[in-house]
file structure-v5.tsv (TSV, N, CA and C atoms)
chain	number	residue	atom	x	y	z
G	1	MET	N	-60.77	35.81	-44.66
G	1	MET	CA	-60.52	35.27	-43.35
G	1	MET	C	-61.51	35.87	-42.36
G	2	LEU	N	-61.92	35.07	-41.42
G	2	LEU	CA	-62.72	35.58	-40.31
G	2	LEU	C	-62.28	34.90	-39.03
G	3	THR	N	-62.44	35.59	-37.93
G	3	THR	CA	-62.19	35.00	-36.62
G	3	THR	C	-63.54	34.79	-35.96
G	4	PHE	N	-63.61	33.84	-35.04
G	4	PHE	CA	-64.88	33.56	-34.38
G	4	PHE	C	-64.66	33.22	-32.92
G	5	GLU	N	-65.72	33.43	-32.14
G	5	GLU	CA	-65.73	33.08	-30.71
G	5	GLU	C	-67.08	32.49	-30.37
G	6	LEU	N	-67.08	31.45	-29.57
G	6	LEU	CA	-68.32	30.87	-29.07
G	6	LEU	C	-68.91	31.82	-28.04
G	7	GLU	N	-70.15	32.23	-28.26
G	7	GLU	CA	-70.81	33.15	-27.34
G	7	GLU	C	-71.65	32.40	-26.31
G	8	SER	N	-72.35	31.35	-26.78
G	8	SER	CA	-73.16	30.56	-25.86
G	8	SER	C	-73.43	29.18	-26.46
G	9	CYS	N	-73.78	28.26	-25.58
G	9	CYS	CA	-74.12	26.90	-26.00
G	9	CYS	C	-75.22	26.40	-25.08
G	10	GLU	N	-76.33	25.99	-25.69
G	10	GLU	CA	-77.45	25.49	-24.90
G	10	GLU	C	-78.27	24.52	-25.73
G	11	ASN	N	-78.49	23.33	-25.21
G	11	ASN	CA	-79.32	22.31	-25.86
G	11	ASN	C	-78.92	22.03	-27.30
G	12	GLY	N	-77.64	21.93	-27.56
G	12	GLY	CA	-77.15	21.61	-28.90
G	12	GLY	C	-77.13	22.78	-29.86
G	13	ARG	N	-77.38	23.99	-29.37
G	13	ARG	CA	-77.35	25.21	-30.19
G	13	ARG	C	-76.14	26.04	-29.77
G	14	TYR	N	-75.22	26.24	-30.72
G	14	TYR	CA	-73.99	27.00	-30.47
G	14	TYR	C	-74.09	28.34	-31.18
G	15	VAL	N	-74.01	29.41	-30.43
G	15	VAL	CA	-74.05	30.75	-31.01
G	15	VAL	C	-72.64	31.29	-31.09
G	16	TYR	N	-72.26	31.70	-32.30
G	16	TYR	CA	-70.92	32.21	-32.56
G	16	TYR	C	-70.98	33.67	-33.01
G	17	VAL	N	-70.03	34.44	-32.52
G	17	VAL	CA	-69.80	35.79	-33.02
G	17	VAL	C	-68.63	35.67	-33.98
G	18	TYR	N	-68.79	36.23	-35.17
G	18	TYR	CA	-67.69	36.21	-36.13
G	18	TYR	C	-67.32	37.62	-36.55
G	19	TYR	N	-66.05	37.77	-36.90
G	19	TYR	CA	-65.50	39.08	-37.23
G	19	TYR	C	-64.79	39.01	-38.59
G	20	PRO	N	-65.37	39.64	-39.63
G	20	PRO	CA	-64.70	39.66	-40.93
G	20	PRO	C	-63.32	40.31	-40.83
G	21	ASP	N	-62.34	39.62	-41.32
G	21	ASP	CA	-60.95	40.09	-41.28
G	21	ASP	C	-60.51	40.49	-39.87
G	22	GLY	N	-61.10	39.87	-38.85
G	22	GLY	CA	-60.73	40.13	-37.47
G	22	GLY	C	-61.21	41.46	-36.92
G	23	ASN	N	-62.10	42.16	-37.65
G	23	ASN	CA	-62.57	43.49	-37.26
G	23	ASN	C	-63.60	43.38	-36.13
G	24	LYS	N	-63.18	43.66	-34.91
G	24	LYS	CA	-64.05	43.55	-33.74
G	24	LYS	C	-65.17	44.60	-33.73
G	25	ASP	N	-65.08	45.61	-34.61
G	25	ASP	CA	-66.11	46.63	-34.71
G	25	ASP	C	-67.25	46.24	-35.65
G	26	ALA	N	-67.15	45.07	-36.27
G	26	ALA	CA	-68.16	44.65	-37.25
G	26	ALA	C	-68.57	43.20	-37.04
G	27	PRO	N	-69.08	42.84	-35.86
G	27	PRO	CA	-69.42	41.44	-35.61
G	27	PRO	C	-70.70	41.01	-36.34
G	28	GLY	N	-70.77	39.73	-36.60
G	28	GLY	CA	-71.98	39.07	-37.06
G	28	GLY	C	-72.22	37.89	-36.12
G	29	ARG	N	-73.43	37.31	-36.18
G	29	ARG	CA	-73.74	36.17	-35.31
G	29	ARG	C	-74.47	35.09	-36.09
G	30	VAL	N	-74.07	33.86	-35.84
G	30	VAL	CA	-74.74	32.70	-36.41
G	30	VAL	C	-74.95	31.67	-35.31
G	31	ALA	N	-75.92	30.81	-35.53
G	31	ALA	CA	-76.14	29.68	-34.62
G	31	ALA	C	-75.94	28.40	-35.41
G	32	LEU	N	-75.17	27.49	-34.86
G	32	LEU	CA	-74.93	26.19	-35.45
G	32	LEU	C	-75.45	25.14	-34.48
G	33	TYR	N	-76.06	24.11	-35.02
G	33	TYR	CA	-76.67	23.07	-34.21
G	33	TYR	C	-75.96	21.74	-34.40
G	34	GLU	N	-76.02	20.91	-33.41
G	34	GLU	CA	-75.40	19.58	-33.49
G	34	GLU	C	-76.03	18.73	-34.59
G	35	ASP	N	-77.27	19.02	-34.98
G	35	ASP	CA	-77.95	18.24	-36.03
G	35	ASP	C	-77.74	18.86	-37.42
G	36	ASP	N	-76.75	19.74	-37.55
G	36	ASP	CA	-76.36	20.39	-38.81
G	36	ASP	C	-77.28	21.52	-39.26
G	37	LYS	N	-78.25	21.89	-38.48
G	37	LYS	CA	-79.06	23.07	-38.81
G	37	LYS	C	-78.19	24.31	-38.64
G	38	ARG	N	-78.46	25.35	-39.44
G	38	ARG	CA	-77.72	26.61	-39.35
G	38	ARG	C	-78.72	27.76	-39.33
G	39	GLU	N	-78.37	28.81	-38.60
G	39	GLU	CA	-79.27	29.95	-38.44
G	39	GLU	C	-78.47	31.25	-38.47
G	40	ILE	N	-78.98	32.22	-39.20
G	40	ILE	CA	-78.36	33.54	-39.23
G	40	ILE	C	-79.05	34.38	-38.15
G	41	ILE	N	-78.27	34.91	-37.24
G	41	ILE	CA	-78.83	35.76	-36.19
G	41	ILE	C	-78.70	37.22	-36.59
G	42	SER	N	-77.50	37.63	-36.99
G	42	SER	CA	-77.29	39.00	-37.47
G	42	SER	C	-76.08	39.02	-38.38
G	43	ASP	N	-76.15	39.88	-39.40
G	43	ASP	CA	-75.05	40.04	-40.33
G	43	ASP	C	-74.08	41.09	-39.83
G	44	SER	N	-72.85	40.97	-40.26
G	44	SER	CA	-71.83	41.99	-40.00
G	44	SER	C	-72.10	43.17	-40.93
G	45	LYS	N	-71.91	44.37	-40.43
G	45	LYS	CA	-72.09	45.57	-41.26
G	45	LYS	C	-71.06	45.62	-42.40
G	46	ASP	N	-69.96	44.90	-42.27
G	46	ASP	CA	-68.93	44.86	-43.30
G	46	ASP	C	-69.14	43.74	-44.32
G	47	ASP	N	-70.25	43.02	-44.22
G	47	ASP	CA	-70.49	41.85	-45.07
G	47	ASP	C	-71.71	42.09	-45.96
G	48	VAL	N	-71.58	43.01	-46.89
G	48	VAL	CA	-72.70	43.44	-47.71
G	48	VAL	C	-73.30	42.29	-48.53
G	49	GLN	N	-72.49	41.41	-49.07
G	49	GLN	CA	-72.99	40.34	-49.93
G	49	GLN	C	-73.11	38.99	-49.22
G	50	GLY	N	-72.87	38.93	-47.94
G	50	GLY	CA	-73.03	37.68	-47.19
G	50	GLY	C	-71.89	36.69	-47.38
G	51	TYR	N	-70.78	37.15	-47.92
G	51	TYR	CA	-69.64	36.28	-48.17
G	51	TYR	C	-69.08	35.71	-46.87
G	52	TYR	N	-68.84	36.56	-45.90
G	52	TYR	CA	-68.30	36.10	-44.61
G	52	TYR	C	-69.32	35.26	-43.87
G	53	ARG	N	-70.58	35.64	-43.96
G	53	ARG	CA	-71.64	34.88	-43.31
G	53	ARG	C	-71.63	33.43	-43.79
G	54	GLY	N	-71.49	33.24	-45.09
G	54	GLY	CA	-71.44	31.88	-45.64
G	54	GLY	C	-70.28	31.08	-45.09
G	55	HIS	N	-69.13	31.71	-44.98
G	55	HIS	CA	-67.98	31.02	-44.41
G	55	HIS	C	-68.17	30.75	-42.93
G	56	ALA	N	-68.87	31.63	-42.23
G	56	ALA	CA	-69.16	31.39	-40.81
G	56	ALA	C	-70.11	30.21	-40.67
G	57	LEU	N	-71.15	30.18	-41.50
G	57	LEU	CA	-72.14	29.11	-41.41
G	57	LEU	C	-71.56	27.74	-41.73
G	58	TRP	N	-70.64	27.66	-42.68
G	58	TRP	CA	-70.14	26.37	-43.14
G	58	TRP	C	-68.69	26.09	-42.77
G	59	GLY	N	-67.97	27.09	-42.26
G	59	GLY	CA	-66.56	26.88	-41.95
G	59	GLY	C	-66.23	26.73	-40.48
G	60	ILE	N	-67.14	27.18	-39.61
G	60	ILE	CA	-66.88	27.07	-38.17
G	60	ILE	C	-67.23	25.65	-37.73
G	61	PRO	N	-66.31	24.94	-37.12
G	61	PRO	CA	-66.60	23.60	-36.61
G	61	PRO	C	-67.49	23.69	-35.36
G	62	VAL	N	-68.62	23.02	-35.39
G	62	VAL	CA	-69.54	23.04	-34.26
G	62	VAL	C	-68.83	22.54	-33.00
G	63	GLY	N	-68.89	23.34	-31.94
G	63	GLY	CA	-68.29	22.97	-30.68
G	63	GLY	C	-66.96	23.65	-30.39
G	64	GLU	N	-66.31	24.20	-31.42
G	64	GLU	CA	-65.05	24.92	-31.19
G	64	GLU	C	-65.31	26.18	-30.38
G	65	LYS	N	-64.38	26.55	-29.55
G	65	LYS	CA	-64.55	27.74	-28.71
G	65	LYS	C	-64.14	29.03	-29.42
G	66	ASN	N	-63.10	28.95	-30.23
G	66	ASN	CA	-62.65	30.12	-30.98
G	66	ASN	C	-61.72	29.65	-32.08
G	67	GLY	N	-61.43	30.55	-33.00
G	67	GLY	CA	-60.52	30.18	-34.08
G	67	GLY	C	-60.63	31.09	-35.27
G	68	THR	N	-60.10	30.61	-36.39
G	68	THR	CA	-60.06	31.36	-37.62
G	68	THR	C	-60.55	30.46	-38.76
G	69	VAL	N	-61.30	31.04	-39.67
G	69	VAL	CA	-61.67	30.36	-40.91
G	69	VAL	C	-60.99	31.14	-42.02
G	70	ALA	N	-60.18	30.45	-42.81
G	70	ALA	CA	-59.46	31.09	-43.91
G	70	ALA	C	-59.75	30.34	-45.19
G	71	TRP	N	-59.65	31.04	-46.29
G	71	TRP	CA	-59.88	30.44	-47.61
G	71	TRP	C	-58.99	31.14	-48.62
G	72	CYS	N	-58.90	30.55	-49.79
G	72	CYS	CA	-58.06	31.11	-50.88
G	72	CYS	C	-58.89	31.92	-51.83
call {"tool": "encode", "arguments": {"input": "structure-v5.tsv", "output": "structure tokens"}}
result
Amino acid sequence: MLTFELESCENGRYVYVYYPDGNKDAPGRVALYEDDKREIISDSKDDVQGYYRGHALWGIPVGEKNGTVAWC
């Protein structure tokens, strides 16, 4: 599970801060675009293998302000 917050939005580029397991001390950042492009800005220190990053890149709905991405 990860929680996310929209940090900024400009010209179709949405920057999100995500927190693995809701840990506010270990944020990561990704940018999602309206044209489906994805960009890694910074990894979370708690995400050694990029597992949470992948869920942030593909699980956050573009345009949402905040929320949770969960998986089984």
call {"tool": "select_by_dssp", "arguments": {"input": "structure-v5.tsv", "residues": "chain G", "states": "alpha helix (DSSP H)", "output": "VMD selection string"}}
result
chain G and resid 51 to 59
call {"tool": "write_last_selection", "arguments": {"input": "structure-v5.tsv", "atoms": "N, CA and C atoms", "output": "compact mmCIF listing (two decimals), keeping the file's coordinate frame"}}
result
# COMPACT_ATOMS: atom_id res chain seq x y z
N TYR G 51 -70.78 37.15 -47.92
CA TYR G 51 -69.64 36.28 -48.17
C TYR G 51 -69.08 35.71 -46.87
N TYR G 52 -68.84 36.56 -45.90
CA TYR G 52 -68.30 36.10 -44.61
C TYR G 52 -69.32 35.26 -43.87
N ARG G 53 -70.58 35.64 -43.96
CA ARG G 53 -71.64 34.88 -43.31
C ARG G 53 -71.63 33.43 -43.79
N GLY G 54 -71.49 33.24 -45.09
CA GLY G 54 -71.44 31.88 -45.64
C GLY G 54 -70.28 31.08 -45.09
N HIS G 55 -69.13 31.71 -44.98
CA HIS G 55 -67.98 31.02 -44.41
C HIS G 55 -68.17 30.75 -42.93
N ALA G 56 -68.87 31.63 -42.23
CA ALA G 56 -69.16 31.39 -40.81
C ALA G 56 -70.11 30.21 -40.67
N LEU G 57 -71.15 30.18 -41.50
CA LEU G 57 -72.14 29.11 -41.41
C LEU G 57 -71.56 27.74 -41.73
N TRP G 58 -70.64 27.66 -42.68
CA TRP G 58 -70.14 26.37 -43.14
C TRP G 58 -68.69 26.09 -42.77
N GLY G 59 -67.97 27.09 -42.26
CA GLY G 59 -66.56 26.88 -41.95
C GLY G 59 -66.23 26.73 -40.48
call {"tool": "closest_residue", "arguments": {"input": "structure-v5.tsv", "among": "G:Ala70, G:Ala31, G:Ile60, G:Val48", "to": "Val15 (chain G)", "atoms": "all atoms listed in the file"}}
result
G:Ala31
call {"tool": "residues_around", "arguments": {"input": "structure-v5.tsv", "residues": "Gly54 (chain G)", "least_positions_apart": "2", "cutoff": "12 Å", "atoms": "only C-alpha atoms", "output": "VMD selection string"}}
result
chain G and resid 1 to 2 18 20 28 to 30 38 to 40 43 to 44 47 to 52 56 to 60 69 71
call {"tool": "select_by_dssp", "arguments": {"input": "structure-v5.tsv", "residues": "chain G", "states": "strand (DSSP E)", "output": "number ranges by chain"}}
result
G: 2-10, 13-20, 28-33, 38-42, 66-69
call {"tool": "residues_around", "arguments": {"input": "structure-v5.tsv", "residues": "Tyr33 (chain G)", "least_positions_apart": "6", "cutoff": "6 Å", "atoms": "all atoms listed in the file", "output": "short mmCIF file (atom, residue, chain, number, x, y, z; two decimals) with N, CA and C atoms, in the coordinates of the input"}}
result
data_model
loop_
_atom_site.label_atom_id
_atom_site.label_comp_id
_atom_site.auth_asym_id
_atom_site.auth_seq_id
_atom_site.Cartn_x
_atom_site.Cartn_y
_atom_site.Cartn_z
N GLY G 12 -77.64 21.93 -27.56
CA GLY G 12 -77.15 21.61 -28.90
C GLY G 12 -77.13 22.78 -29.86
N ARG G 13 -77.38 23.99 -29.37
CA ARG G 13 -77.35 25.21 -30.19
C ARG G 13 -76.14 26.04 -29.77
N TYR G 14 -75.22 26.24 -30.72
CA TYR G 14 -73.99 27.00 -30.47
C TYR G 14 -74.09 28.34 -31.18
#
call {"tool": "build_atoms", "arguments": {"input": "structure-v5.tsv", "residues": "region 59-70 of chain G", "atoms": "all heavy atoms", "output": "mmCIF file, in the coordinates of the input"}}
result
data_model
loop_
_atom_site.group_PDB
_atom_site.id
_atom_site.type_symbol
_atom_site.label_atom_id
_atom_site.label_comp_id
_atom_site.auth_asym_id
_atom_site.auth_seq_id
_atom_site.Cartn_x
_atom_site.Cartn_y
_atom_site.Cartn_z
ATOM 1 N N GLY G 59 -67.970 27.090 -42.260
ATOM 2 C CA GLY G 59 -66.560 26.880 -41.950
ATOM 3 C C GLY G 59 -66.230 26.730 -40.480
ATOM 4 O O GLY G 59 -65.173 26.224 -40.134
ATOM 5 N N ILE G 60 -67.140 27.180 -39.610
ATOM 6 C CA ILE G 60 -66.880 27.070 -38.170
ATOM 7 C C ILE G 60 -67.230 25.650 -37.730
ATOM 8 O O ILE G 60 -68.359 25.194 -37.924
ATOM 9 C CB ILE G 60 -67.704 28.090 -37.361
ATOM 10 C CG1 ILE G 60 -67.297 29.518 -37.739
ATOM 11 C CG2 ILE G 60 -67.528 27.848 -35.858
ATOM 12 C CD1 ILE G 60 -68.170 30.598 -37.106
ATOM 13 N N PRO G 61 -66.310 24.940 -37.120
ATOM 14 C CA PRO G 61 -66.600 23.600 -36.610
ATOM 15 C C PRO G 61 -67.490 23.690 -35.360
ATOM 16 O O PRO G 61 -67.139 24.374 -34.396
ATOM 17 C CB PRO G 61 -65.238 23.014 -36.256
ATOM 18 C CG PRO G 61 -64.227 23.921 -36.880
ATOM 19 C CD PRO G 61 -64.887 25.253 -37.004
ATOM 20 N N VAL G 62 -68.620 23.020 -35.390
ATOM 21 C CA VAL G 62 -69.540 23.040 -34.260
ATOM 22 C C VAL G 62 -68.830 22.540 -33.000
ATOM 23 O O VAL G 62 -68.211 21.485 -33.008
ATOM 24 C CB VAL G 62 -70.787 22.179 -34.534
ATOM 25 C CG1 VAL G 62 -71.704 22.145 -33.332
ATOM 26 C CG2 VAL G 62 -71.535 22.707 -35.745
ATOM 27 N N GLY G 63 -68.890 23.340 -31.940
ATOM 28 C CA GLY G 63 -68.290 22.970 -30.680
ATOM 29 C C GLY G 63 -66.960 23.650 -30.390
ATOM 30 O O GLY G 63 -66.517 23.662 -29.243
ATOM 31 N N GLU G 64 -66.310 24.200 -31.420
ATOM 32 C CA GLU G 64 -65.050 24.920 -31.190
ATOM 33 C C GLU G 64 -65.310 26.180 -30.380
ATOM 34 O O GLU G 64 -66.346 26.821 -30.551
ATOM 35 C CB GLU G 64 -64.393 25.302 -32.523
ATOM 36 C CG GLU G 64 -63.806 24.156 -33.278
ATOM 37 C CD GLU G 64 -62.593 23.559 -32.593
ATOM 38 O OE1 GLU G 64 -61.729 24.313 -32.134
ATOM 39 O OE2 GLU G 64 -62.537 22.321 -32.535
ATOM 40 N N LYS G 65 -64.380 26.550 -29.550
ATOM 41 C CA LYS G 65 -64.550 27.740 -28.710
ATOM 42 C C LYS G 65 -64.140 29.030 -29.420
ATOM 43 O O LYS G 65 -64.749 30.067 -29.233
ATOM 44 C CB LYS G 65 -63.779 27.589 -27.400
ATOM 45 C CG LYS G 65 -64.385 26.515 -26.522
ATOM 46 C CD LYS G 65 -63.747 26.486 -25.170
ATOM 47 C CE LYS G 65 -64.437 25.402 -24.341
ATOM 48 N NZ LYS G 65 -64.080 25.453 -22.958
ATOM 49 N N ASN G 66 -63.100 28.950 -30.230
ATOM 50 C CA ASN G 66 -62.650 30.120 -30.980
ATOM 51 C C ASN G 66 -61.720 29.650 -32.080
ATOM 52 O O ASN G 66 -61.275 28.517 -32.073
ATOM 53 C CB ASN G 66 -61.979 31.170 -30.093
ATOM 54 C CG ASN G 66 -60.822 30.598 -29.312
ATOM 55 O OD1 ASN G 66 -59.911 30.016 -29.877
ATOM 56 N ND2 ASN G 66 -60.845 30.750 -28.007
ATOM 57 N N GLY G 67 -61.430 30.550 -33.000
ATOM 58 C CA GLY G 67 -60.520 30.180 -34.080
ATOM 59 C C GLY G 67 -60.630 31.090 -35.270
ATOM 60 O O GLY G 67 -61.190 32.194 -35.185
ATOM 61 N N THR G 68 -60.100 30.610 -36.390
ATOM 62 C CA THR G 68 -60.060 31.360 -37.620
ATOM 63 C C THR G 68 -60.550 30.460 -38.760
ATOM 64 O O THR G 68 -60.242 29.268 -38.785
ATOM 65 C CB THR G 68 -58.618 31.808 -37.932
ATOM 66 O OG1 THR G 68 -58.163 32.620 -36.833
ATOM 67 C CG2 THR G 68 -58.523 32.599 -39.205
ATOM 68 N N VAL G 69 -61.300 31.040 -39.670
ATOM 69 C CA VAL G 69 -61.670 30.360 -40.910
ATOM 70 C C VAL G 69 -60.990 31.140 -42.020
ATOM 71 O O VAL G 69 -61.188 32.342 -42.154
ATOM 72 C CB VAL G 69 -63.203 30.349 -41.108
ATOM 73 C CG1 VAL G 69 -63.555 29.723 -42.436
ATOM 74 C CG2 VAL G 69 -63.893 29.633 -39.958
ATOM 75 N N ALA G 70 -60.180 30.450 -42.810
ATOM 76 C CA ALA G 70 -59.460 31.090 -43.910
ATOM 77 C C ALA G 70 -59.750 30.340 -45.190
ATOM 78 O O ALA G 70 -60.082 29.159 -45.180
ATOM 79 C CB ALA G 70 -57.965 31.104 -43.616
#
